[in-house]
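What follows is the content of data_22.txt, which has compact mmCIF, C-alpha atoms (C1' of nucleotides):
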```
# COMPACT_ATOMS: atom_id res chain seq x y z
CA MET A 227 -236.72 97.97 65.57
CA GLU A 228 -237.14 101.72 65.33
CA ARG A 229 -233.82 102.18 67.03
CA GLU A 230 -232.13 99.81 64.68
CA ARG A 231 -233.51 101.70 61.71
CA GLU A 232 -232.16 104.93 63.10
CA GLU A 233 -228.74 103.39 63.50
CA ARG A 234 -228.81 102.21 59.93
CA LEU A 235 -229.69 105.67 58.76
CA TYR A 236 -226.81 107.23 60.66
CA GLN A 237 -224.59 104.61 59.11
CA MET A 238 -225.78 105.47 55.62
CA GLN A 239 -225.42 109.14 56.28
CA ALA A 240 -221.89 108.66 57.51
CA GLU A 241 -221.09 106.72 54.38
CA LEU A 242 -222.47 109.50 52.25
CA CYS A 243 -220.36 112.07 54.07
CA GLN A 244 -217.37 109.85 53.59
CA THR A 245 -218.15 109.78 49.90
CA LEU A 246 -218.01 113.56 49.81
CA ALA A 247 -214.94 113.76 52.00
CA ASP A 248 -212.40 114.25 49.28
CA PRO A 249 -211.45 117.47 47.48
CA THR A 250 -211.30 115.82 44.08
CA ARG A 251 -214.72 114.29 44.48
CA LEU A 252 -216.19 117.56 45.66
CA LYS A 253 -214.75 119.26 42.63
CA LEU A 254 -216.16 116.60 40.33
CA LEU A 255 -219.53 116.98 41.95
CA THR A 256 -219.45 120.70 41.39
CA LEU A 257 -218.40 120.25 37.78
CA LEU A 258 -221.47 118.11 37.21
CA GLU A 259 -223.72 120.92 38.31
CA ASP A 260 -224.58 122.02 34.80
CA GLY A 261 -225.30 118.57 33.45
CA PRO A 262 -223.57 115.37 32.33
CA LYS A 263 -219.91 115.41 31.43
CA ALA A 264 -217.60 112.85 29.85
CA VAL A 265 -214.73 111.48 31.89
CA LYS A 266 -212.37 112.91 29.35
CA VAL A 267 -213.65 116.39 30.06
CA LEU A 268 -213.45 115.93 33.79
CA VAL A 269 -209.88 114.76 33.46
CA GLU A 270 -208.98 117.79 31.37
CA VAL A 271 -210.66 120.31 33.61
CA THR A 272 -209.28 118.93 36.84
CA GLY A 273 -205.85 118.32 35.42
CA GLN A 274 -205.63 115.08 37.35
CA ARG A 275 -204.68 111.63 36.12
CA GLN A 276 -207.33 109.68 34.30
CA ALA A 277 -207.10 106.65 36.56
CA LYS A 278 -207.57 108.79 39.62
CA ILE A 279 -210.64 110.47 38.20
CA SER A 280 -212.10 107.13 37.20
CA GLN A 281 -211.50 105.77 40.66
CA HIS A 282 -213.28 108.67 42.28
CA LEU A 283 -216.14 108.56 39.81
CA GLY A 284 -216.45 104.84 40.35
CA LEU A 285 -216.68 105.28 44.08
CA MET A 286 -219.31 107.98 43.78
CA ARG A 287 -221.34 105.92 41.38
CA GLN A 288 -221.12 102.93 43.67
CA ARG A 289 -222.43 105.09 46.48
CA GLY A 290 -225.30 106.41 44.40
CA VAL A 291 -224.19 110.00 44.21
CA VAL A 292 -223.57 109.93 40.52
CA ARG A 293 -224.73 107.87 37.55
CA ALA A 294 -222.94 106.84 34.37
CA GLU A 295 -224.26 106.56 30.86
CA ARG A 296 -222.43 105.33 27.82
CA VAL A 297 -222.52 107.63 24.84
CA GLY A 298 -220.63 106.08 21.96
CA ASN A 299 -217.03 106.00 22.93
CA GLU A 300 -217.47 108.07 26.03
CA ILE A 301 -219.08 107.66 29.39
CA HIS A 302 -221.06 110.57 30.70
CA TYR A 303 -221.49 111.12 34.40
CA SER A 304 -224.24 113.09 36.03
CA LEU A 305 -225.64 113.79 39.48
CA THR A 306 -228.37 111.50 40.75
CA ASP A 307 -229.82 114.27 42.88
CA PRO A 308 -229.23 118.01 42.65
CA ARG A 309 -229.78 118.36 46.37
CA PHE A 310 -226.30 117.01 47.00
CA LEU A 311 -225.05 120.33 45.71
CA GLU A 312 -227.50 122.14 47.95
CA ALA A 313 -225.97 120.47 50.98
CA CYS A 314 -222.51 121.28 49.70
CA ARG A 315 -223.50 124.88 49.17
CA ILE A 316 -224.51 125.23 52.80
CA THR A 317 -221.28 123.85 54.17
CA ARG A 318 -219.31 125.97 51.76
CA GLU A 319 -221.20 129.00 52.94
CA ILE A 320 -220.27 128.25 56.52
CA LEU A 321 -216.65 127.72 55.64
CA LEU A 322 -216.44 130.94 53.69
CA GLU A 323 -217.85 132.85 56.62
CA GLN A 324 -215.39 131.19 58.95
CA LEU A 325 -212.59 132.18 56.62
CA THR A 326 -213.57 135.81 56.39
CA ARG A 327 -214.31 136.04 60.09
CA GLN A 328 -211.13 134.37 61.29
CA GLY A 329 -208.70 137.15 60.63
CA ASN A 330 -208.55 136.39 56.95
CA LEU A 331 -209.87 139.87 56.44
CA ALA A 332 -207.16 140.85 54.00
CA VAL A 333 -209.14 138.99 51.37
CA PRO A 334 -211.34 141.36 49.34
CA LEU A 335 -214.66 140.25 50.73
CA LEU A 336 -215.65 137.01 49.12
CA VAL A 337 -218.76 136.94 47.03
CA GLU A 338 -220.83 133.85 47.30
CA ASP A 339 -220.14 131.74 44.26
CA ARG A 340 -223.29 130.69 42.49
CA MET B 174 -204.10 132.88 43.33
CA GLU B 175 -207.81 132.51 42.80
CA ARG B 176 -207.32 128.91 41.79
CA GLU B 177 -205.26 128.21 44.86
CA ARG B 178 -207.96 129.65 47.04
CA GLU B 179 -210.53 127.42 45.42
CA GLU B 180 -208.35 124.39 46.05
CA ARG B 181 -208.01 125.35 49.67
CA LEU B 182 -211.77 125.65 49.98
CA TYR B 183 -212.34 122.20 48.49
CA GLN B 184 -209.77 120.91 50.94
CA MET B 185 -211.58 122.48 53.87
CA GLN B 186 -214.91 121.23 52.66
CA ALA B 187 -213.55 117.71 52.34
CA GLU B 188 -212.22 117.94 55.86
CA LEU B 189 -215.60 119.04 57.11
CA CYS B 190 -217.31 116.12 55.37
CA GLN B 191 -214.74 113.82 56.88
CA THR B 192 -215.61 115.25 60.27
CA LEU B 193 -219.23 114.29 59.71
CA ALA B 194 -218.39 110.91 58.24
CA ASP B 195 -219.03 108.84 61.33
CA PRO B 196 -222.34 107.57 62.68
CA THR B 197 -221.47 108.39 66.27
CA ARG B 198 -220.50 111.93 65.41
CA LEU B 199 -223.65 112.43 63.36
CA LYS B 200 -225.69 111.24 66.26
CA LEU B 201 -223.89 113.57 68.64
CA LEU B 202 -224.50 116.44 66.27
CA THR B 203 -228.18 115.65 66.17
CA LEU B 204 -228.35 115.39 69.93
CA LEU B 205 -226.96 118.90 70.19
CA GLU B 206 -229.80 120.26 68.13
CA ASP B 207 -231.79 121.48 71.12
CA GLY B 208 -228.91 123.16 72.87
CA PRO B 209 -225.77 122.39 74.88
CA LYS B 210 -225.37 119.03 76.56
CA ALA B 211 -222.86 117.65 79.04
CA VAL B 212 -220.58 114.83 77.96
CA LYS B 213 -222.10 112.70 80.65
CA VAL B 214 -225.52 113.05 79.08
CA LEU B 215 -224.22 112.29 75.61
CA VAL B 216 -222.54 109.18 76.95
CA GLU B 217 -225.75 108.04 78.59
CA VAL B 218 -227.97 108.70 75.63
CA THR B 219 -225.70 107.10 73.07
CA GLY B 220 -224.82 104.20 75.31
CA GLN B 221 -221.24 104.33 74.09
CA ARG B 222 -218.05 104.38 76.08
CA GLN B 223 -217.03 107.65 77.61
CA ALA B 224 -213.59 107.67 76.03
CA LYS B 225 -215.07 107.14 72.61
CA ILE B 226 -217.53 109.98 73.00
CA SER B 227 -214.80 112.29 74.25
CA GLN B 228 -212.63 111.41 71.30
CA HIS B 229 -215.36 112.19 68.82
CA LEU B 230 -216.29 115.39 70.58
CA GLY B 231 -212.66 116.39 70.67
CA LEU B 232 -212.31 115.85 66.97
CA MET B 233 -215.44 117.83 66.20
CA ARG B 234 -214.31 120.66 68.42
CA GLN B 235 -210.92 120.69 66.80
CA ARG B 236 -212.59 120.98 63.42
CA GLY B 237 -214.80 123.81 64.57
CA VAL B 238 -218.12 121.99 64.38
CA VAL B 239 -218.84 122.14 68.09
CA ARG B 240 -217.62 124.20 70.99
CA ALA B 241 -217.02 123.27 74.61
CA GLU B 242 -217.79 125.23 77.72
CA ARG B 243 -216.98 124.31 81.26
CA VAL B 244 -219.91 124.44 83.66
CA GLY B 245 -218.75 123.52 87.11
CA ASN B 246 -217.86 119.90 87.06
CA GLU B 247 -219.14 119.28 83.58
CA ILE B 248 -218.25 120.30 80.09
CA HIS B 249 -221.09 121.31 77.87
CA TYR B 250 -220.87 120.93 74.12
CA SER B 251 -222.89 122.87 71.60
CA LEU B 252 -223.04 123.44 67.87
CA THR B 253 -221.03 126.32 66.47
CA ASP B 254 -223.47 126.74 63.63
CA PRO B 255 -227.03 125.40 63.32
CA ARG B 256 -226.65 125.18 59.56
CA PHE B 257 -224.61 122.03 59.96
CA LEU B 258 -227.84 120.35 60.86
CA GLU B 259 -229.53 121.89 57.87
CA ALA B 260 -226.98 120.25 55.59
CA CYS B 261 -227.43 116.99 57.44
CA ARG B 262 -231.19 117.25 57.09
CA ILE B 263 -230.90 117.50 53.31
CA THR B 264 -228.70 114.46 52.96
CA ARG B 265 -230.91 112.54 55.33
CA GLU B 266 -233.91 113.47 53.25
CA ILE B 267 -232.24 112.11 50.13
CA LEU B 268 -231.29 108.90 51.89
CA LEU B 269 -234.78 108.35 53.22
CA GLU B 270 -236.21 108.75 49.76
CA GLN B 271 -233.68 106.33 48.36
CA LEU B 272 -234.63 103.87 51.05
CA THR B 273 -238.34 104.05 50.40
CA ARG B 274 -237.84 104.02 46.63
CA GLN B 275 -235.42 101.13 46.51
CA GLY B 276 -237.81 98.32 47.17
CA ASN B 277 -237.81 98.94 50.86
CA LEU B 278 -241.51 99.47 50.51
CA ALA B 279 -242.41 97.05 53.26
CA VAL B 280 -241.53 99.78 55.71
CA PRO B 281 -244.63 101.72 56.85
CA LEU B 282 -243.96 104.92 54.93
CA LEU B 283 -241.39 106.95 56.79
CA VAL B 284 -242.36 110.28 58.16
CA GLU B 285 -239.72 112.93 58.02
CA ASP B 286 -238.23 113.27 61.47
CA ARG B 287 -238.16 116.84 62.66
C1' DT C 152 -205.62 116.69 101.82
C1' DA C 153 -207.96 112.69 100.02
C1' DT C 154 -211.59 111.11 97.36
C1' DT C 155 -214.79 111.02 93.84
C1' DA C 156 -217.00 112.44 89.52
C1' DA C 157 -216.45 114.11 84.92
C1' DT C 158 -213.74 114.43 81.01
C1' DA C 159 -209.45 113.98 78.15
C1' DT C 160 -205.41 111.72 76.31
C1' DT C 161 -202.23 108.18 74.91
C1' DC C 162 -201.18 103.83 72.88
C1' DA C 163 -201.61 99.89 69.99
C1' DG C 164 -203.96 96.95 66.84
C1' DA C 165 -207.12 96.49 63.18
C1' DT C 166 -209.34 98.32 59.25
C1' DA C 167 -209.93 101.42 55.46
C1' DA C 168 -208.67 105.21 52.08
C1' DT C 169 -205.59 107.28 48.70
C1' DC C 170 -202.51 107.29 44.95
C1' DG C 171 -199.43 106.02 41.11
C1' DA C 172 -198.22 102.56 37.97
C1' DA C 173 -199.49 99.19 35.06
C1' DT C 174 -202.80 96.81 32.64
C1' DG C 175 -207.43 95.54 30.95
C1' DA C 176 -211.70 96.25 28.30
C1' DA C 177 -214.84 98.27 25.11
C1' DG C 178 -216.01 101.05 21.34
C1' DT C 179 -214.63 103.33 16.82
C1' DA C 180 -212.55 103.85 12.67
C1' DA C 181 -209.34 102.63 9.17
C1' DT D 182 -208.14 92.69 11.80
C1' DT D 183 -205.33 96.53 13.53
C1' DA D 184 -204.83 100.60 15.72
C1' DC D 185 -206.58 104.20 18.51
C1' DT D 186 -209.40 106.47 21.96
C1' DT D 187 -211.79 106.34 26.18
C1' DC D 188 -212.50 104.54 30.42
C1' DA D 189 -212.06 100.94 34.31
C1' DT D 190 -209.62 97.84 37.36
C1' DT D 191 -205.99 95.71 39.97
C1' DC D 192 -201.98 95.91 42.89
C1' DG D 193 -198.89 97.56 46.33
C1' DA D 194 -197.26 101.08 49.30
C1' DT D 195 -198.25 104.78 52.22
C1' DT D 196 -201.06 107.11 55.31
C1' DA D 197 -205.18 107.92 58.02
C1' DT D 198 -209.04 106.44 60.94
C1' DC D 199 -211.52 103.89 64.59
C1' DT D 200 -211.71 101.51 68.73
C1' DG D 201 -210.83 99.61 73.39
C1' DA D 202 -207.92 99.69 77.24
C1' DA D 203 -205.51 102.06 80.37
C1' DT D 204 -204.30 106.28 82.40
C1' DA D 205 -204.14 111.23 83.18
C1' DT D 206 -206.39 115.66 84.31
C1' DT D 207 -209.53 118.79 86.45
C1' DA D 208 -212.91 120.33 89.65
C1' DA D 209 -216.05 119.52 93.41
C1' DT D 210 -216.64 117.65 97.87
C1' DA D 211 -215.80 115.43 102.19
```
Go ahead and express the file in the form of structure tokens.
Amino acid sequence: MEREREERLYQMQAELCQTLADPTRLKLLTLLEDGPKAVKVLVEVTGQRQAKISQHLGLMRQRGVVRAERVGNEIHYSLTDPRFLEACRITREILLEQLTRQGNLAVPLLVEDR
Amino acid sequence: MEREREERLYQMQAELCQTLADPTRLKLLTLLEDGPKAVKVLVEVTGQRQAKISQHLGLMRQRGVVRAERVGNEIHYSLTDPRFLEACRITREILLEQLTRQGNLAVPLLVEDR
DNA sequence: TATTAATATTCAGATAATCGAATGAAGTAA
DNA sequence: TTACTTCATTCGATTATCTGAATATTAATA
């Protein structure tokens, strides 16, 4: 009973990680940091095909990471929870450190973004 | 140049998320919270097949999430960075809230583990 | 050296994810 | 209604991932 619940949680957590396990989706997530954005805008900023962006947004919405709201002709996407970015920030921090530590010292000392 | 670097970082981050996107691996990660553990122990505790555990550990090591150290007959695995668990804790927190919010109110009010 | 315990690797089958291309649907404005 | 803009979905091909089964490797021990 308690064990089963734990398993389910690990399963959900894995699914969430899977949802974040794509560079385009991570970028979209980051772009939503400052508030809702129309698909159109996200397409422009990322420079990727509209269908692709819609697919990724659809997946994220389905997984509860993002929510959609119709505004006239457009559909605006936003984060369901700002803490997703907090988790991303931590992993990014680790990766940046790994980068600078692992011989990539030619790079002019990365400043933490944000 | 700067753009390319950003792309590379998103790529790395996606790879890291992918590395965490498996319930068995998440469980292993959590089990390593209190320090290094032999594969044997991890096999016992998870109740999964040895080959499977080794495969997952191998993948995580390859991706730099855990490290391996030989101790006599055994090989002890440990986290390379405790902050991985911090990121996991955040996502788990979100998921638990979602669970309790989304009608799963029959459950006796989950206490945050840890 | 032979054996055993602990761990890793390889292989094959099944399942899932990604992407582009094409098309569909819904709202707006003429 | 027609045309246009914005967004979503479906399909098919490619590629990746997960797992069990079998086997290999490495170190300790007899």
Axis-aligned box for range 273-287 of chain A, 4 Å per side, centre and edges in Å as lines of an AutoDock Vina configuration file:
```
center_x = -213.0
center_y = 111.6
center_z = 39.2
size_x = 24.7
size_y = 21.5
size_z = 17.8
```
Set the distance at 9 Å and use all atoms listed in the file: which residues neighbour range 195-208 of chain D once local chain neighbours fewer than 6 positions away are removed? I'd like the list as a PDB file with C-alpha atoms (C1' of nucleotides), in the frame of the given file.
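Result file selection.pdb:
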```
ATOM      1  CA  ALA B 224    -213.590 107.670  76.030  1.00  0.00           C
ATOM      2  CA  LYS B 225    -215.070 107.140  72.610  1.00  0.00           C
ATOM      3  CA  GLY B 245    -218.750 123.520  87.110  1.00  0.00           C
ATOM      4  CA  ASN B 246    -217.860 119.900  87.060  1.00  0.00           C
ATOM      5  CA  GLU B 247    -219.140 119.280  83.580  1.00  0.00           C
TER       6      GLU B 247
ATOM      7  C1'  DA C 156    -217.000 112.440  89.520  1.00  0.00           C
ATOM      8  C1'  DA C 157    -216.450 114.110  84.920  1.00  0.00           C
ATOM      9  C1'  DT C 158    -213.740 114.430  81.010  1.00  0.00           C
ATOM     10  C1'  DA C 159    -209.450 113.980  78.150  1.00  0.00           C
ATOM     11  C1'  DT C 160    -205.410 111.720  76.310  1.00  0.00           C
ATOM     12  C1'  DT C 161    -202.230 108.180  74.910  1.00  0.00           C
ATOM     13  C1'  DC C 162    -201.180 103.830  72.880  1.00  0.00           C
ATOM     14  C1'  DA C 165    -207.120  96.490  63.180  1.00  0.00           C
ATOM     15  C1'  DT C 166    -209.340  98.320  59.250  1.00  0.00           C
ATOM     16  C1'  DA C 167    -209.930 101.420  55.460  1.00  0.00           C
ATOM     17  C1'  DA C 168    -208.670 105.210  52.080  1.00  0.00           C
ATOM     18  C1'  DT C 169    -205.590 107.280  48.700  1.00  0.00           C
ATOM     19  C1'  DC C 170    -202.510 107.290  44.950  1.00  0.00           C
TER      20       DC C 170
END
```
For this session: Counting all atoms listed in the file, select every polymer residue within 10 Å of (-213.7, 96.6, 25.8) as defined in the file's coordinates, and provide the selection as a list in words.
Result: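 Using all atoms listed in the file, the matching residues come out as DG175, DA176, DA177 and DG178 of chain C; DT187, DC188 and DA189 of chain D.
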Produce a file of the selected residues containing C-alpha atoms (C1' of nucleotides), as a compact mmCIF listing (two decimals), keeping the file's coordinate frame.
```
# COMPACT_ATOMS: atom_id res chain seq x y z
C1' DG C 175 -207.43 95.54 30.95
C1' DA C 176 -211.70 96.25 28.30
C1' DA C 177 -214.84 98.27 25.11
C1' DG C 178 -216.01 101.05 21.34
C1' DT D 187 -211.79 106.34 26.18
C1' DC D 188 -212.50 104.54 30.42
C1' DA D 189 -212.06 100.94 34.31
```
Per residue of chain B within 9 Å of chain C, which atom pair is closest and at what distance in Å (one decimal), using all atoms listed in the file, listed by chain and increasing number, as a Markdown table?
```
| residue | atom | partner | partner_atom | distance |
| --- | --- | --- | --- | --- |
| B:Val212 | CA | C:DT158 | C1' | 7.5 |
| B:Lys213 | CA | C:DA157 | C1' | 7.2 |
| B:Gln223 | CA | C:DT158 | C1' | 8.3 |
| B:Ala224 | CA | C:DA159 | C1' | 7.8 |
| B:Ser227 | CA | C:DA159 | C1' | 6.8 |
| B:Gln228 | CA | C:DA159 | C1' | 8.0 |
| B:Gly231 | CA | C:DA159 | C1' | 8.5 |
| B:Asn246 | CA | C:DA157 | C1' | 6.3 |
| B:Glu247 | CA | C:DA157 | C1' | 6.0 |
| B:Ile248 | CA | C:DT158 | C1' | 7.5 |
```
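Residue nearest Leu268 in chain B, chosen from A:Leu252, A:Ile279, A:Leu268, A:Val291 and counting all atoms listed in the file: A:Val291.
Shortest separation to Met233 in chain B among B:Gln186, B:Thr192, B:Gln221, B:Thr264 occurs at residue B:Thr192, atoms counted being only C-alpha atoms.
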For this session: Compute the chain A side of the contact with chain B at 9 Å, counting all atoms listed in the file, and hand it back as a count of residues only.
Result: 34
Problem set entry | Best match for closeness to chain D among B:His229, B:His249, B:Arg274, B:Arg236, counting only C-alpha atoms (C1' of nucleotides) |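 Selected residue with least distance to chain D: B:His229.
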Exercise. In Å to one decimal, how far is C1' of DT210 in chain D from CA of Ala241 in chain B?
Worked result: 23.9 Å
For this session: Just give me the gap between CA of Arg231 in chain A and CA of Thr253 in chain B in Å, one decimal is fine.
Result: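 According to the coordinates, CA of Arg231 in chain A and CA of Thr253 in chain B are separated by 28.0 Å.
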Can I get a file of range 202-235 of chain B from the given structure, C-alpha atoms kept, as a short mmCIF file (atom, residue, chain, number, x, y, z; two decimals), in the first residue's frame?
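And here is the file that came out, selection_15.cif:
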```cif
data_model
loop_
_atom_site.label_atom_id
_atom_site.label_comp_id
_atom_site.auth_asym_id
_atom_site.auth_seq_id
_atom_site.Cartn_x
_atom_site.Cartn_y
_atom_site.Cartn_z
CA LEU B 202 19.46 8.07 -6.87
CA THR B 203 17.36 8.38 -3.76
CA LEU B 204 18.95 5.33 -2.22
CA LEU B 205 22.35 6.95 -2.64
CA GLU B 206 21.27 9.91 -0.59
CA ASP B 207 22.92 8.68 2.60
CA GLY B 208 26.22 7.76 1.04
CA PRO B 209 27.84 5.12 -1.18
CA LYS B 210 26.22 1.73 -1.60
CA ALA B 211 27.35 -1.50 -3.20
CA VAL B 212 25.52 -2.77 -6.26
CA LYS B 213 24.61 -5.85 -4.31
CA VAL B 214 22.76 -3.75 -1.76
CA LEU B 215 20.96 -1.75 -4.41
CA VAL B 216 19.87 -4.97 -6.07
CA GLU B 217 18.54 -6.31 -2.79
CA VAL B 218 16.72 -3.18 -1.79
CA THR B 219 15.10 -2.56 -5.14
CA GLY B 220 14.30 -6.20 -5.68
CA GLN B 221 15.19 -5.86 -9.34
CA ARG B 222 17.47 -8.01 -11.45
CA GLN B 223 21.16 -7.45 -11.09
CA ALA B 224 21.74 -6.87 -14.79
CA LYS B 225 19.06 -4.24 -14.88
CA ILE B 226 20.50 -2.38 -11.92
CA SER B 227 23.97 -2.50 -13.41
CA GLN B 228 22.68 -1.14 -16.67
CA HIS B 229 20.99 1.78 -15.01
CA LEU B 230 23.98 2.49 -12.82
CA GLY B 231 26.22 2.31 -15.85
CA LEU B 232 24.11 4.81 -17.69
CA MET B 233 24.05 7.20 -14.75
CA ARG B 234 27.78 6.93 -14.32
CA GLN B 235 28.34 7.55 -17.99
#
```
